[in-house]
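Visitor: Attaching a single structure in structure tokens format; questions to follow.
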Protein chains: 2
Amino acid sequence: MTYCLAVNVNKGMVFASDSRTNAGVDYVASHSKMRTFIFKGDRSVYVLTSGSLSTSQAVVNRIATDLEDPDAEFNLLKANHMHEIADYVGRLSQAQQAKHETAMKKSDISSESSFIVGGQIAGKECSIFHVYPQGNYIKASLETPYLQIGENKYGKPILDRVIALNTSLEDAARCALVSLDSTIRSNISVGPPIELAIHTNNDLDGPYQTIFNVNSPMYKSLQKQWNEGLKRAFKKLPRFEWEKPSS
Amino acid sequence: MTYCLAVNVNKGMVFASDSRTNAGVDYVASHSKMRTFIFKGDRSVYVLTSGSLSTSQAVVNRIATDLEDPDAEFNLLKANHMHEIADYVGRLSQAQQAKHETAMKKSDISSESSFIVGGQIAGKECSIFHVYPQGNYIKASLETPYLQIGENKYGKPILDRVIALNTSLEDAARCALVSLDSTIRSNISVGPPIELAIHTNNDLDGPYQTIFNVNSPMYKSLQKQWNEGLKRAFKKLPRFEWEKPSS
């Protein structure tokens, strides 16, 4: 499995992804699930993937080769709006799934992939989309300015508590890391390294991008502080009537 | 859906359950999912249910009528060990499902139910079991002394951080409430009132039992304190290198 998320706040966007892939429990590996396409000053596009790794990789590869092909019917540079790119990723995904459909069905294996597609085109607003395996897609809303793919339940409560449109980019990034860390602790199919990209609104020179592995000082410190902070918060919870007051 | 959990620590057991049931989104109702059978001085048995409400209710009703029937092949009073009761609940569940199997299959509706069965028989230890829809069951372990049924992912991270064998009963109960509250906030198919039962080891005079609705002072206070505590913990997380230190 996988856990990826994206947040779209007033100040910009945050993208974060784990790196664990598995084919059953006896074949576990690390693969990046974040791909960034930066055209300085013009546009930045971010693609996060979950589901069938072969479908995900094929889609990302096709995005890259379409960029090299001046005769391509469509590519990232031909888009006028981000939603055209979400639509394009949906078409590529469907085409790739169709290619192996008969064989996959025979083996009862799913070739479905889900994507988070986000970015900004010069002069336009930041936006993030969830592209479903069927090729259709939704945009994050003002009410719920985040999207998740893969193992999304463990890390949802903290997003629901923290993320709002006026959340700072740094807080959104910390929240994404906490959301990923909670998922990693509770679900063995999600694992580090964690990739993080922070895109500041109207800054088309490329995002702040980093990879946290288990020994990264920032990630270790965040894990420790969060754990200690939760335990402090827990200690302050109200007592039952028969208990002594908390010390 | 549903979310129920049970914790078995050195000092005793905690059982907690939500009360929301739904048949699609257009028929939502409240039903208790916790049933306690107390035989003072002899044994206390707790049954939590999730899945098909009709199967769950039929099983609980059968447990009650078997108790009134001196000729019953088995009932809660005839058990020498808690695992016999888990096995019995599994048998009742399977029998009930078999009764409506053909009709349910025709309508493509599941009659499956899952149960948490726990309790203590005089002179024996406290124990909790997860009874699967297929009738088989597992016991909580020393390494993971809690069990969950229903929507279990949202509320798992806090259990993984807090619950250990030496956790006090009051802390285990608070943790169960936080776990339920996180689930209720993130998943509309889980809702109050919350039922809570705290069984102290070797106290067979009945548990401390209470029901929290949205206006219960203890529950409101716990929600508020937890939310504020999380926000304080969040504020203390490490800064990125370009940020000013947190104030």
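Following the order of the structure tokens, chains are lettered A, B, ..., residues in each are numbered from 1, and ligands are numbered from 1.
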Within 8 Å of chain B, which residues belong to chain A? Use only C-alpha atoms and report them as a ChimeraX atom specification.
Guide: /A:153-157,160-162,170,174-175,182-183,185-186,218,221-222,225-234,236-240
Visitor: Identify, on the basis of only C-alpha atoms, every residue whose closest approach to Ala6 of chain A does not exceed 9 Å; exclude the query and any residue fewer than 5 positions from it along the same chain; express the result as number ranges by chain.
Guide: A: 13-17, 48, 116-118, 128-129, 145-148, 176
Visitor: Just want the 12 Å neighbourhood of Lys78 of chain A, counted on only C-alpha atoms, with same-chain residues fewer than 4 positions away dropped. Output as a ChimeraX atom specification.
Guide: /A:42-43,63,66-67,69-74,82,84-85,88,121
Visitor: Going by DSSP on the backbone, which bits of segment 15-235 of chain B are helix (DSSP H, G or I)? Write them as a PyMOL selection string, please.
Guide: chain B and resi 53-68+76-78+82-106+156-162+169-186+217-235
Visitor: Which residue, A:Val60, A:Gly150, A:Leu76, A:Glu143, has the smallest gap to Ile163 of chain A when you use only C-alpha atoms?
Guide: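 Smallest distance to Ile163 of chain A is found for A:Glu143.
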Visitor: Could you pull out all residues of segment 26-127 of chain A with a DSSP call of strand (DSSP E) and give them as a PyMOL selection string?
Guide: chain A and resi 28-30+34-39+43-51+113-121+127
Visitor: With N, CA and C atoms kept, could you save the residues just selected as a PDB file, in the first residue's frame?
Guide:
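Final output, saved to result_32.pdb:
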ATOM      1  N   VAL A  28       8.656  -6.647  -0.287  1.00  0.00           N
ATOM      2  CA  VAL A  28       8.508  -5.256   0.126  1.00  0.00           C
ATOM      3  C   VAL A  28       9.701  -4.472  -0.399  1.00  0.00           C
ATOM      4  N   ALA A  29       9.443  -3.323  -0.992  1.00  0.00           N
ATOM      5  CA  ALA A  29      10.539  -2.539  -1.557  1.00  0.00           C
ATOM      6  C   ALA A  29      10.245  -1.051  -1.390  1.00  0.00           C
ATOM      7  N   SER A  30      11.230  -0.226  -1.722  1.00  0.00           N
ATOM      8  CA  SER A  30      11.053   1.223  -1.663  1.00  0.00           C
ATOM      9  C   SER A  30      11.027   1.812  -3.069  1.00  0.00           C
ATOM     10  N   MET A  34       6.498  10.226  -5.721  1.00  0.00           N
ATOM     11  CA  MET A  34       6.304  11.636  -6.040  1.00  0.00           C
ATOM     12  C   MET A  34       7.150  12.004  -7.247  1.00  0.00           C
ATOM     13  N   ARG A  35       6.512  12.665  -8.199  1.00  0.00           N
ATOM     14  CA  ARG A  35       7.269  13.100  -9.368  1.00  0.00           C
ATOM     15  C   ARG A  35       6.970  14.582  -9.585  1.00  0.00           C
ATOM     16  N   THR A  36       8.011  15.379  -9.722  1.00  0.00           N
ATOM     17  CA  THR A  36       7.797  16.816  -9.936  1.00  0.00           C
ATOM     18  C   THR A  36       8.288  17.195 -11.324  1.00  0.00           C
ATOM     19  N   PHE A  37       7.513  18.053 -11.986  1.00  0.00           N
ATOM     20  CA  PHE A  37       7.878  18.566 -13.316  1.00  0.00           C
ATOM     21  C   PHE A  37       7.933  20.088 -13.205  1.00  0.00           C
ATOM     22  N   ILE A  38       9.145  20.631 -13.197  1.00  0.00           N
ATOM     23  CA  ILE A  38       9.314  22.066 -12.955  1.00  0.00           C
ATOM     24  C   ILE A  38       9.766  22.767 -14.242  1.00  0.00           C
ATOM     25  N   PHE A  39       9.027  23.762 -14.684  1.00  0.00           N
ATOM     26  CA  PHE A  39       9.406  24.587 -15.825  1.00  0.00           C
ATOM     27  C   PHE A  39       9.506  26.000 -15.283  1.00  0.00           C
ATOM     28  N   ARG A  43       5.530  26.943 -15.032  1.00  0.00           N
ATOM     29  CA  ARG A  43       4.594  26.032 -14.338  1.00  0.00           C
ATOM     30  C   ARG A  43       5.329  24.970 -13.533  1.00  0.00           C
ATOM     31  N   SER A  44       4.684  24.525 -12.473  1.00  0.00           N
ATOM     32  CA  SER A  44       5.182  23.402 -11.677  1.00  0.00           C
ATOM     33  C   SER A  44       4.058  22.404 -11.536  1.00  0.00           C
ATOM     34  N   VAL A  45       4.370  21.135 -11.825  1.00  0.00           N
ATOM     35  CA  VAL A  45       3.347  20.088 -11.730  1.00  0.00           C
ATOM     36  C   VAL A  45       3.869  18.960 -10.833  1.00  0.00           C
ATOM     37  N   TYR A  46       3.004  18.484  -9.947  1.00  0.00           N
ATOM     38  CA  TYR A  46       3.364  17.445  -8.983  1.00  0.00           C
ATOM     39  C   TYR A  46       2.419  16.267  -9.182  1.00  0.00           C
ATOM     40  N   VAL A  47       2.979  15.070  -9.239  1.00  0.00           N
ATOM     41  CA  VAL A  47       2.147  13.870  -9.396  1.00  0.00           C
ATOM     42  C   VAL A  47       2.517  12.875  -8.299  1.00  0.00           C
ATOM     43  N   LEU A  48       1.530  12.496  -7.484  1.00  0.00           N
ATOM     44  CA  LEU A  48       1.711  11.465  -6.457  1.00  0.00           C
ATOM     45  C   LEU A  48       0.899  10.245  -6.875  1.00  0.00           C
ATOM     46  N   THR A  49       1.427   9.051  -6.581  1.00  0.00           N
ATOM     47  CA  THR A  49       0.776   7.840  -7.101  1.00  0.00           C
ATOM     48  C   THR A  49       0.518   6.799  -6.019  1.00  0.00           C
ATOM     49  N   SER A  50      -0.576   6.065  -6.171  1.00  0.00           N
ATOM     50  CA  SER A  50      -0.804   4.889  -5.317  1.00  0.00           C
ATOM     51  C   SER A  50      -1.477   3.814  -6.169  1.00  0.00           C
ATOM     52  N   GLY A  51      -1.469   2.589  -5.662  1.00  0.00           N
ATOM     53  CA  GLY A  51      -2.094   1.491  -6.416  1.00  0.00           C
ATOM     54  C   GLY A  51      -1.036   0.710  -7.179  1.00  0.00           C
ATOM     55  N   SER A 113      -4.767   2.398 -10.430  1.00  0.00           N
ATOM     56  CA  SER A 113      -3.928   3.368  -9.719  1.00  0.00           C
ATOM     57  C   SER A 113      -4.751   4.612  -9.429  1.00  0.00           C
ATOM     58  N   SER A 114      -4.434   5.261  -8.311  1.00  0.00           N
ATOM     59  CA  SER A 114      -5.001   6.569  -8.011  1.00  0.00           C
ATOM     60  C   SER A 114      -3.866   7.580  -8.011  1.00  0.00           C
ATOM     61  N   PHE A 115      -4.207   8.823  -8.321  1.00  0.00           N
ATOM     62  CA  PHE A 115      -3.183   9.864  -8.407  1.00  0.00           C
ATOM     63  C   PHE A 115      -3.644  11.123  -7.677  1.00  0.00           C
ATOM     64  N   ILE A 116      -2.688  11.825  -7.089  1.00  0.00           N
ATOM     65  CA  ILE A 116      -2.931  13.222  -6.746  1.00  0.00           C
ATOM     66  C   ILE A 116      -2.129  14.037  -7.748  1.00  0.00           C
ATOM     67  N   VAL A 117      -2.810  14.928  -8.439  1.00  0.00           N
ATOM     68  CA  VAL A 117      -2.167  15.793  -9.424  1.00  0.00           C
ATOM     69  C   VAL A 117      -2.362  17.225  -8.944  1.00  0.00           C
ATOM     70  N   GLY A 118      -1.280  17.958  -8.813  1.00  0.00           N
ATOM     71  CA  GLY A 118      -1.402  19.340  -8.363  1.00  0.00           C
ATOM     72  C   GLY A 118      -0.377  20.216  -9.035  1.00  0.00           C
ATOM     73  N   GLY A 119      -0.512  21.508  -8.830  1.00  0.00           N
ATOM     74  CA  GLY A 119       0.487  22.403  -9.378  1.00  0.00           C
ATOM     75  C   GLY A 119      -0.041  23.789  -9.621  1.00  0.00           C
ATOM     76  N   GLN A 120       0.750  24.548 -10.364  1.00  0.00           N
ATOM     77  CA  GLN A 120       0.374  25.918 -10.680  1.00  0.00           C
ATOM     78  C   GLN A 120       0.940  26.301 -12.044  1.00  0.00           C
ATOM     79  N   ILE A 121       0.112  26.960 -12.836  1.00  0.00           N
ATOM     80  CA  ILE A 121       0.527  27.525 -14.127  1.00  0.00           C
ATOM     81  C   ILE A 121       0.596  29.036 -13.940  1.00  0.00           C
ATOM     82  N   SER A 127      -3.723  24.441  -7.555  1.00  0.00           N
ATOM     83  CA  SER A 127      -4.848  23.530  -7.341  1.00  0.00           C
ATOM     84  C   SER A 127      -4.377  22.082  -7.293  1.00  0.00           C
TER      85      SER A 127
END
Visitor: Neighbours of Thr55 of chain B within 8 Å (only C-alpha atoms; same-chain residues fewer than 4 positions away dropped), as a count of residues only?
Guide: 8
Visitor: So that I can see what lies close to Ile194 of chain A, please list as a PyMOL selection string the residues with an atom at most 8 Å from it, counting only C-alpha atoms and leaving out residues fewer than 4 positions away in the same chain.
Guide: chain A and resi 16-19+180+211-213
Visitor: With N, CA, C and O atoms kept, could you save the residues just selected as a PDB file, in the first residue's frame?
Guide:
ATOM      1  N   ALA A  16       3.197  15.289   0.073  1.00  0.00           N
ATOM      2  CA  ALA A  16       4.007  14.358   0.870  1.00  0.00           C
ATOM      3  C   ALA A  16       3.637  12.930   0.517  1.00  0.00           C
ATOM      4  O   ALA A  16       2.475  12.630   0.240  1.00  0.00           O
ATOM      5  N   SER A  17       4.635  12.052   0.533  1.00  0.00           N
ATOM      6  CA  SER A  17       4.380  10.651   0.167  1.00  0.00           C
ATOM      7  C   SER A  17       5.314   9.723   0.912  1.00  0.00           C
ATOM      8  O   SER A  17       6.444  10.097   1.235  1.00  0.00           O
ATOM      9  N   ASP A  18       4.826   8.507   1.201  1.00  0.00           N
ATOM     10  CA  ASP A  18       5.705   7.475   1.739  1.00  0.00           C
ATOM     11  C   ASP A  18       6.379   6.773   0.556  1.00  0.00           C
ATOM     12  O   ASP A  18       6.182   7.185  -0.602  1.00  0.00           O
ATOM     13  N   SER A  19       7.150   5.727   0.839  1.00  0.00           N
ATOM     14  CA  SER A  19       7.895   5.068  -0.248  1.00  0.00           C
ATOM     15  C   SER A  19       7.805   3.550  -0.241  1.00  0.00           C
ATOM     16  O   SER A  19       8.550   2.883  -0.947  1.00  0.00           O
ATOM     17  N   LEU A 180       1.618  11.318   8.163  1.00  0.00           N
ATOM     18  CA  LEU A 180       2.371  10.176   7.629  1.00  0.00           C
ATOM     19  C   LEU A 180       2.977   9.334   8.750  1.00  0.00           C
ATOM     20  O   LEU A 180       2.941   8.103   8.706  1.00  0.00           O
ATOM     21  N   ILE A 211      13.824  14.817   1.372  1.00  0.00           N
ATOM     22  CA  ILE A 211      13.472  13.421   1.656  1.00  0.00           C
ATOM     23  C   ILE A 211      13.895  13.110   3.086  1.00  0.00           C
ATOM     24  O   ILE A 211      15.046  13.349   3.462  1.00  0.00           O
ATOM     25  N   PHE A 212      12.968  12.657   3.888  1.00  0.00           N
ATOM     26  CA  PHE A 212      13.285  12.272   5.264  1.00  0.00           C
ATOM     27  C   PHE A 212      13.398  10.754   5.340  1.00  0.00           C
ATOM     28  O   PHE A 212      12.449  10.047   5.004  1.00  0.00           O
ATOM     29  N   ASN A 213      14.536  10.257   5.781  1.00  0.00           N
ATOM     30  CA  ASN A 213      14.572   8.835   6.127  1.00  0.00           C
ATOM     31  C   ASN A 213      14.502   8.705   7.646  1.00  0.00           C
ATOM     32  O   ASN A 213      14.414   9.708   8.350  1.00  0.00           O
TER      33      ASN A 213
END
Visitor: Measuring between only C-alpha atoms, which one of B:His199, B:Lys40, B:Lys244, B:Arg91 shows the shortest distance to Lys11 of chain B?
Guide: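 That would be B:His199, the residue with the smallest distance to Lys11 of chain B.
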Visitor: I'd like the interatomic distance between atom CA of Arg62 of chain A and atom CA of Asn80 of chain A, to a tenth of an Å.
Guide: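 The value is 19.3 Å.
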Visitor: Do you have the atom CA of Pro245 of chain A-atom CA of Leu204 of chain B distance handy?
Guide: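 Pair atom CA of Pro245 of chain A / atom CA of Leu204 of chain B returns 26.8 Å.
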Visitor: So how many Å separate atom CA of Ala58 of chain A and atom CA of Gly90 of chain A, to one decimal?
Guide: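 Distance between the two atoms: 12.4 Å.
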